[in-house]
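Reproduced below: protein-v1.cif, with mmCIF, C-alpha atoms.
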data_model
#
loop_
_atom_site.label_atom_id
_atom_site.label_comp_id
_atom_site.auth_asym_id
_atom_site.auth_seq_id
_atom_site.Cartn_x
_atom_site.Cartn_y
_atom_site.Cartn_z
CA MET B 774 0.00 0.00 0.00
CA PRO B 775 1.60 3.32 -1.00
CA SER B 776 2.49 5.64 1.82
CA THR B 777 0.70 8.97 1.98
CA PRO B 778 2.82 12.09 2.08
CA SER B 779 3.04 13.63 5.53
CA SER B 780 1.37 16.99 6.10
CA PRO B 781 3.71 19.96 5.87
CA LYS B 782 4.72 21.50 9.16
CA PRO B 783 2.54 24.55 9.92
CA LEU B 784 5.39 27.07 9.72
CA ALA B 785 7.26 25.54 6.78
CA GLY B 786 8.80 28.34 4.71
CA TRP B 787 8.23 30.98 7.38
CA ARG B 788 11.01 33.13 8.80
CA VAL B 789 10.07 34.25 12.32
CA LEU B 790 11.83 37.05 14.22
CA VAL B 791 12.61 36.11 17.83
CA PRO B 792 13.28 39.37 19.74
CA ARG B 793 15.22 37.94 22.69
CA GLY B 794 18.43 35.94 22.86
CA GLY B 795 19.91 33.80 25.61
CA PRO B 796 18.34 30.55 26.84
CA TRP B 797 14.82 31.87 26.18
CA GLY B 798 15.63 32.76 22.59
CA ASP B 799 17.37 29.42 22.01
CA SER B 800 14.37 27.52 23.39
CA VAL B 801 11.87 29.46 21.28
CA ALA B 802 14.04 29.04 18.18
CA ALA B 803 14.12 25.25 18.73
CA ASP B 804 10.33 25.13 19.12
CA LEU B 805 9.88 27.17 15.93
CA ARG B 806 12.20 24.84 13.99
CA ALA B 807 10.13 21.88 15.19
CA LYS B 808 7.15 23.46 13.42
CA GLY B 809 9.13 24.05 10.23
CA ALA B 810 10.05 27.72 10.69
CA SER B 811 13.42 29.37 10.18
CA PRO B 812 13.91 31.48 13.33
CA VAL B 813 15.77 34.77 13.13
CA VAL B 814 17.08 35.52 16.63
CA ALA B 815 17.79 39.22 17.13
CA ALA B 816 17.88 40.42 20.74
CA MET B 817 16.17 43.83 20.79
CA ILE B 818 16.32 44.64 24.50
CA ASN B 819 18.75 44.18 27.33
CA PHE B 820 18.72 45.00 30.99
CA ALA B 821 20.91 47.41 32.92
CA PRO B 822 21.27 48.21 36.62
CA THR B 823 18.80 50.63 38.15
CA ALA B 824 19.82 54.28 38.07
CA ASP B 825 18.99 54.47 41.81
CA ALA B 826 21.07 51.64 43.25
CA PRO B 827 21.06 53.07 46.81
CA ALA B 828 17.24 52.96 46.92
CA LEU B 829 17.23 49.32 45.81
CA GLU B 830 19.95 48.37 48.29
CA ALA B 831 18.08 50.08 51.14
CA ALA B 832 14.81 48.35 50.20
CA LEU B 833 16.49 44.93 50.04
CA ALA B 834 18.10 45.57 53.44
CA ARG B 835 14.65 46.34 54.92
CA LEU B 836 13.31 43.23 53.19
CA ALA B 837 16.00 41.05 54.80
CA ALA B 838 15.25 42.62 58.19
CA GLY B 839 11.58 41.62 57.97
CA GLY B 840 10.28 45.08 57.11
CA PHE B 841 7.66 43.83 54.63
CA ASP B 842 4.76 41.40 54.82
CA TRP B 843 4.85 40.78 51.06
CA VAL B 844 7.17 41.37 48.11
CA THR B 845 5.81 41.32 44.54
CA VAL B 846 7.96 40.18 41.62
CA THR B 847 6.74 40.89 38.09
CA SER B 848 9.44 39.43 35.83
CA ALA B 849 12.18 36.83 35.63
CA THR B 850 14.64 39.71 35.21
CA THR B 851 13.72 40.96 38.67
CA VAL B 852 14.57 37.48 39.96
CA ASP B 853 18.01 37.85 38.34
CA VAL B 854 18.44 41.14 40.23
CA LEU B 855 17.46 39.49 43.52
CA SER B 856 19.89 36.63 42.92
CA ALA B 857 22.75 38.94 41.94
CA ALA B 858 22.18 40.99 45.10
CA ARG B 859 21.90 37.80 47.17
CA ALA B 860 18.67 39.22 48.51
CA VAL B 861 17.28 37.50 51.59
CA VAL B 862 13.53 37.04 51.92
CA PRO B 863 12.80 36.04 55.54
CA PRO B 864 10.17 33.40 56.37
CA SER B 865 7.88 36.16 57.71
CA THR B 866 7.67 37.75 54.23
CA ARG B 867 5.54 36.15 51.53
CA ILE B 868 6.31 36.36 47.80
CA ALA B 869 3.79 37.06 45.04
CA ALA B 870 4.77 36.34 41.43
CA VAL B 871 2.87 37.90 38.56
CA GLY B 872 2.88 34.71 36.50
CA GLU B 873 4.12 31.17 36.04
CA THR B 874 7.34 32.15 34.25
CA THR B 875 8.33 34.48 37.08
CA ALA B 876 7.31 31.90 39.68
CA ALA B 877 9.48 29.27 37.97
CA ALA B 878 12.44 31.66 37.97
CA LEU B 879 11.94 32.37 41.68
CA ALA B 880 11.79 28.67 42.50
CA ALA B 881 14.93 28.01 40.47
CA ALA B 882 16.70 30.76 42.41
CA GLY B 883 15.68 29.19 45.73
CA TYR B 884 12.80 31.50 46.69
CA ALA B 885 9.46 30.10 47.92
CA VAL B 886 6.46 31.51 46.03
CA ASP B 887 3.22 32.00 47.95
CA LEU B 888 0.91 33.53 45.35
CA VAL B 889 0.60 33.24 41.56
CA PRO B 890 -2.59 34.37 39.78
CA ALA B 891 -4.66 31.32 38.83
CA GLU B 892 -6.48 32.95 35.91
CA ASP B 893 -4.68 35.98 34.50
CA ASN B 894 -0.87 36.01 34.58
CA SER B 895 -0.50 39.78 34.78
CA ALA B 896 -0.42 42.61 37.31
CA ARG B 897 -4.15 43.04 36.70
CA GLY B 898 -4.70 39.35 37.43
CA LEU B 899 -2.64 39.51 40.62
CA LEU B 900 -4.68 42.48 41.83
CA ALA B 901 -7.94 40.66 41.06
CA GLU B 902 -6.96 37.74 43.30
CA TRP B 903 -5.09 39.69 45.97
CA GLU B 904 -7.88 40.27 48.49
CA ALA B 905 -8.99 36.64 48.54
CA ALA B 906 -5.40 35.39 48.79
CA THR B 907 -4.59 37.69 51.72
CA GLU B 908 -7.99 37.18 53.43
CA GLY B 909 -8.74 40.90 53.21
CA VAL B 910 -6.07 41.94 55.72
CA VAL B 911 -5.38 45.71 55.42
CA PRO B 912 -2.94 47.35 55.62
CA LEU B 913 -0.08 45.08 54.63
CA ARG B 914 3.50 46.32 54.17
CA ILE B 915 4.36 45.50 50.56
CA LEU B 916 7.53 45.96 48.49
CA THR B 917 6.87 46.11 44.75
CA LEU B 918 9.91 45.61 42.52
CA ARG B 919 9.58 46.77 38.91
CA SER B 920 11.44 47.86 35.80
CA GLU B 921 12.03 51.54 35.12
CA ILE B 922 9.53 51.67 32.25
CA ALA B 923 6.83 49.48 33.81
CA LYS B 924 3.49 51.14 34.43
CA PRO B 925 2.81 51.23 38.20
CA LEU B 926 -0.49 49.37 37.83
CA LEU B 927 0.19 46.94 40.66
CA THR B 928 1.61 49.56 43.04
CA GLU B 929 -1.32 51.93 42.50
CA GLY B 930 -3.88 49.14 42.76
CA LEU B 931 -2.48 47.90 46.06
CA ARG B 932 -2.40 51.44 47.44
CA ARG B 933 -6.04 51.95 46.44
CA ILE B 934 -6.97 48.89 48.49
CA GLY B 935 -5.29 50.57 51.48
CA HIS B 936 -1.90 48.87 51.70
CA ASP B 937 1.40 50.48 52.67
CA VAL B 938 3.38 50.05 49.44
CA GLU B 939 6.99 50.89 48.67
CA SER B 940 7.79 50.76 44.95
CA VAL B 941 11.42 50.41 43.90
CA VAL B 942 12.99 50.21 40.42
CA ALA B 943 15.00 46.99 40.18
CA TYR B 944 16.42 47.45 36.67
CA ARG B 945 16.32 49.48 33.44
CA THR B 946 15.43 48.20 29.99
CA ILE B 947 17.58 49.40 27.09
CA GLY B 948 17.26 48.85 23.35
CA ILE B 949 19.80 46.91 21.27
CA PRO B 950 20.32 47.83 17.60
CA VAL B 951 19.12 45.15 15.19
CA PRO B 952 21.66 44.12 12.51
CA ASP B 953 21.18 46.01 9.24
CA ASN B 954 20.55 42.87 7.20
CA ILE B 955 17.64 41.88 9.45
CA VAL B 956 16.17 45.39 9.29
CA ALA B 957 16.37 45.20 5.48
CA ASP B 958 14.75 41.74 5.39
CA VAL B 959 11.83 42.89 7.56
CA ARG B 960 11.22 46.00 5.47
CA GLU B 961 11.33 43.96 2.25
CA GLY B 962 8.75 41.51 3.60
CA LEU B 963 11.20 38.61 3.83
CA VAL B 964 10.23 37.89 7.46
CA GLN B 965 6.77 36.34 7.74
CA ALA B 966 6.19 36.86 11.48
CA ILE B 967 7.50 38.88 14.41
CA LEU B 968 7.09 37.76 18.02
CA VAL B 969 6.37 40.59 20.48
CA THR B 970 6.94 39.53 24.07
CA SER B 971 6.65 42.78 26.04
CA GLY B 972 5.87 46.46 25.72
CA SER B 973 9.57 47.27 25.60
CA VAL B 974 10.06 44.83 22.70
CA ALA B 975 7.06 46.37 20.94
CA GLU B 976 8.64 49.80 21.23
CA GLN B 977 11.92 48.59 19.70
CA VAL B 978 10.11 46.76 16.88
CA GLN B 979 8.23 49.91 15.95
CA VAL B 980 11.22 52.26 16.32
CA GLN B 981 13.79 50.08 14.58
CA LEU B 982 11.72 48.09 12.09
CA GLY B 983 8.50 50.02 11.54
CA PRO B 984 6.37 50.44 9.63
CA ILE B 985 5.95 46.68 9.47
CA PRO B 986 4.79 45.39 6.06
CA GLU B 987 1.12 44.33 5.96
CA SER B 988 2.23 40.87 4.84
CA THR B 989 4.19 40.30 8.06
CA LEU B 990 2.26 38.81 10.98
CA VAL B 991 2.79 40.60 14.31
CA ALA B 992 2.06 38.30 17.26
CA ALA B 993 1.77 39.52 20.86
CA ILE B 994 2.23 37.28 23.90
CA GLY B 995 -0.78 38.68 25.76
CA PRO B 996 -3.48 41.38 25.88
CA GLN B 997 -1.36 43.85 27.88
CA THR B 998 1.54 43.50 25.46
CA ALA B 999 -0.90 44.01 22.58
CA ARG B 1000 -2.24 47.20 24.22
CA ASP B 1001 1.28 48.49 24.81
CA ALA B 1002 2.23 47.70 21.21
CA ARG B 1003 -0.73 49.63 19.83
CA GLU B 1004 0.15 52.59 22.04
CA TYR B 1005 3.54 52.64 20.30
CA GLY B 1006 1.77 52.55 16.93
CA LEU B 1007 2.58 48.90 16.24
CA ARG B 1008 -0.10 46.82 14.51
CA VAL B 1009 -0.96 43.53 16.25
CA ASP B 1010 -2.47 40.70 14.21
CA VAL B 1011 -2.73 37.84 16.71
CA ILE B 1012 -2.60 37.49 20.50
CA ALA B 1013 -1.58 34.30 22.28
CA ASP B 1014 -4.30 32.58 24.31
CA GLU B 1015 -1.90 32.19 27.22
CA ARG B 1016 1.08 34.31 28.25
CA THR B 1017 3.64 31.67 27.31
CA ALA B 1018 6.11 31.24 24.48
CA ALA B 1019 4.45 27.94 23.54
CA SER B 1020 1.05 29.60 23.21
CA LEU B 1021 2.58 32.44 21.18
CA ILE B 1022 4.12 29.97 18.73
CA GLU B 1023 0.79 28.10 18.50
CA ALA B 1024 -0.96 31.37 17.63
CA VAL B 1025 1.50 32.02 14.81
CA ALA B 1026 1.19 28.44 13.56
CA ALA B 1027 -2.62 28.69 13.55
CA ALA B 1028 -2.46 31.95 11.58
CA ALA B 1029 -0.05 30.40 9.09
CA THR B 1030 -2.35 27.41 8.62
CA ALA B 1031 -5.34 29.72 8.12
CA ASN B 1032 -3.39 31.77 5.57
CA ARG B 1033 -2.40 28.63 3.68
CA SER B 1034 -6.00 27.40 3.60
CA ALA B 1035 -7.28 30.77 2.38
CA ALA B 1036 -4.70 30.83 -0.39
CA SER B 1037 -5.48 27.30 -1.64
#

So that I can check it, write out the structure of this file as structure tokens.
Amino acid sequence: MPSTPSSPKPLAGWRVLVPRGGPWGDSVAADLRAKGASPVVAAMINFAPTADAPALEAALARLAAGGFDWVTVTSATTVDVLSAARAVVPPSTRIAAVGETTAAALAAAGYAVDLVPAEDNSARGLLAEWEAATEGVVPLRILTLRSEIAKPLLTEGLRRIGHDVESVVAYRTIGIPVPDNIVADVREGLVQAILVTSGSVAEQVQVQLGPIPESTLVAAIGPQTARDAREYGLRVDVIADERTAASLIEAVAAAATANRSAAS
């Protein structure tokens, strides 16, 4: 009996821009290749120390001394900052992570995580579940660690509830120039999809690569990233169902399959 040809992989023939390097970029590139894509890894952002190091050092000293009931961590990069500073979180202080990726980074660094949003992995989601998770106790002493460009949504929301919140910048995000040949390929429509994983990435995509050709799919990792992208003037075509790299790749693959079906 003759064998039937196997179905083409969903991203066969697609070049996909991966905007972050390092282990994350390598992992995403491998997952894209498994679906037939040719990943183009071009780190567009990097992280630098906070411009107010004394404030961060003082806050971490108060944290180690038991000065806070809770500390909130909103990114894996913040976990890197905590690890580099050898920050001590005493047993009396509980840790809230904004999502599963951040929680995994905390666990890997040896920190116990007490709260991760069950529904919405975002600052908004953490706020929505905060009161139930803390049994309505007010006021709590909370340290919120954030990036320089992050909107203070969590800090302001916790203050509105009535908590005593200290917000400290843990790091700065800086742009990295994209190689000229990749810029040219994007502008000529030779890249079929661009992954957008944060507001800061969206800004760099728009500034360095925009305007993005209509034929290029722009995929955002979540609703907040999509909102941030649109604020920067970047078009967003698809949004991942979940705030994970795997879900983002699935969204691109589904769009590619739909495009192929429409064209046939």

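One finds CA of Val789 (chain B) at 28.6 Å from CA of Lys924 (chain B).
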
(request) Go through B:Gly898, B:Pro812, B:Pro792, B:Pro781 and flag the residue nearest Ala975 (chain B), using only C-alpha atoms for the distances. (result)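 Once distances to Ala975 (chain B) are computed over only C-alpha atoms, the minimum belongs to B:Pro792.
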
What are the closest atom pairs, with distances in Å to one decimal, for each residue of region 889-987 of chain B lying within 8 Å of region 843-867 of chain B, using all atoms listed in the file, rows by chain and rising residue number, as a Markdown table?
| residue | atom | partner | partner_atom | distance |
| --- | --- | --- | --- | --- |
| B:Ala896 | CA | B:Thr847 | CA | 7.4 |
| B:Leu913 | CA | B:Trp843 | CA | 7.5 |
| B:Arg914 | CA | B:Trp843 | CA | 6.5 |
| B:Ile915 | CA | B:Trp843 | CA | 4.8 |
| B:Leu916 | CA | B:Val844 | CA | 4.6 |
| B:Thr917 | CA | B:Thr845 | CA | 4.9 |
| B:Leu918 | CA | B:Val846 | CA | 5.8 |
| B:Arg919 | CA | B:Thr847 | CA | 6.6 |
| B:Ser920 | CA | B:Thr851 | CA | 7.8 |
| B:Ala943 | CA | B:Thr851 | CA | 6.3 |
| B:Tyr944 | CA | B:Thr851 | CA | 7.3 |

(message) At a cut-off of 7 Å, using only C-alpha atoms, what residues contact Gly948 (chain B)? Leave out same-chain residues fewer than 4 positions from it and give the result as a ChimeraX atom specification.
(response) /B:817-819,977

(message) Report, in Å with one decimal, the straight-line distance from CA of Ile967 (chain B) to CA of Val991 (chain B).
(response)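 Computing it gives 5.0 Å between the two atoms.
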
(request) Pull out every residue that the PyMOL selection byres ((chain B and resi 1011-1023) around 8) matches in the shown coordinates and put them as JSON, numbers by chain. (result) {"B": [801, 804, 805, 874, 894, 968, 990, 991, 992, 993, 994, 995, 996, 999, 1009, 1010, 1024, 1025, 1026, 1027, 1028]}

(request) Step by step, work through what the PyMOL selection byres ((chain B and resi 826) around 12) selects in the shown file, and finish by giving those residues as number ranges by chain. (result) B: 821-825, 827-833, 854, 858, 941-945

(request) Pick out the residues sitting within 9 Å of Glu961 (chain B), and hand them over as a PyMOL selection string; count only C-alpha atoms, and ignore anything fewer than 4 positions along from it in its own chain. (result) chain B and resi 956-957+986

(message) Let me make sure I understand: among B:Val951, B:Ser895, B:Ile868, B:Leu790, which one has the smallest atom-to-atom distance to Gly883 (chain B) if we use only C-alpha atoms?
(response)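 Closest to Gly883 (chain B), using only C-alpha atoms: B:Ile868.
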
(request) Could you tell me which of B:Pro912, B:Gly795, B:Pro890, B:Pro984 comes closest to Arg932 (chain B) if we count only C-alpha atoms? (result)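 Ranked by minimum distance to Arg932 (chain B), first place goes to B:Pro912.
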
(message) Measuring between all atoms listed in the file, which one of B:Val871, B:Leu927, B:Leu836, B:Val964 shows the shortest distance to Glu987 (chain B)?
(response)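 Nearest candidate to Glu987 (chain B) out of B:Val871, B:Leu927, B:Leu836, B:Val964: B:Val964.
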
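Among B:Ala923, B:Gly798, B:Gly930, B:His936, the residue with the shortest atom-to-atom distance to Glu902 (chain B), counting all atoms listed in the file, is B:Gly930.
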
(request) Identify which of the residues B:Val886, B:Ile934, B:Ala876, B:Ala802 lies closest to Leu900 (chain B), counting all atoms listed in the file when measuring atom-to-atom distances. (result) B:Ile934

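Counting only C-alpha atoms, Lys782 (chain B) has the following residues at most 6 Å away, ignoring those fewer than 3 positions along the same chain: B:Ala785, B:Lys808, B:Gly809.
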
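Here CA of Asp893 (chain B) stands at a distance of 16.0 Å from CA of Thr970 (chain B).
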
Where's the centre, and what are the edge lengths in Å to one decimal, of a box along x, y and z enclosing all listed atoms of region 822-828 of chain B padded 4 Å per side, as lines of an AutoDock Vina configuration file?
center_x = 19.3
center_y = 51.3
center_z = 41.8
size_x = 12.0
size_y = 14.3
size_z = 18.3
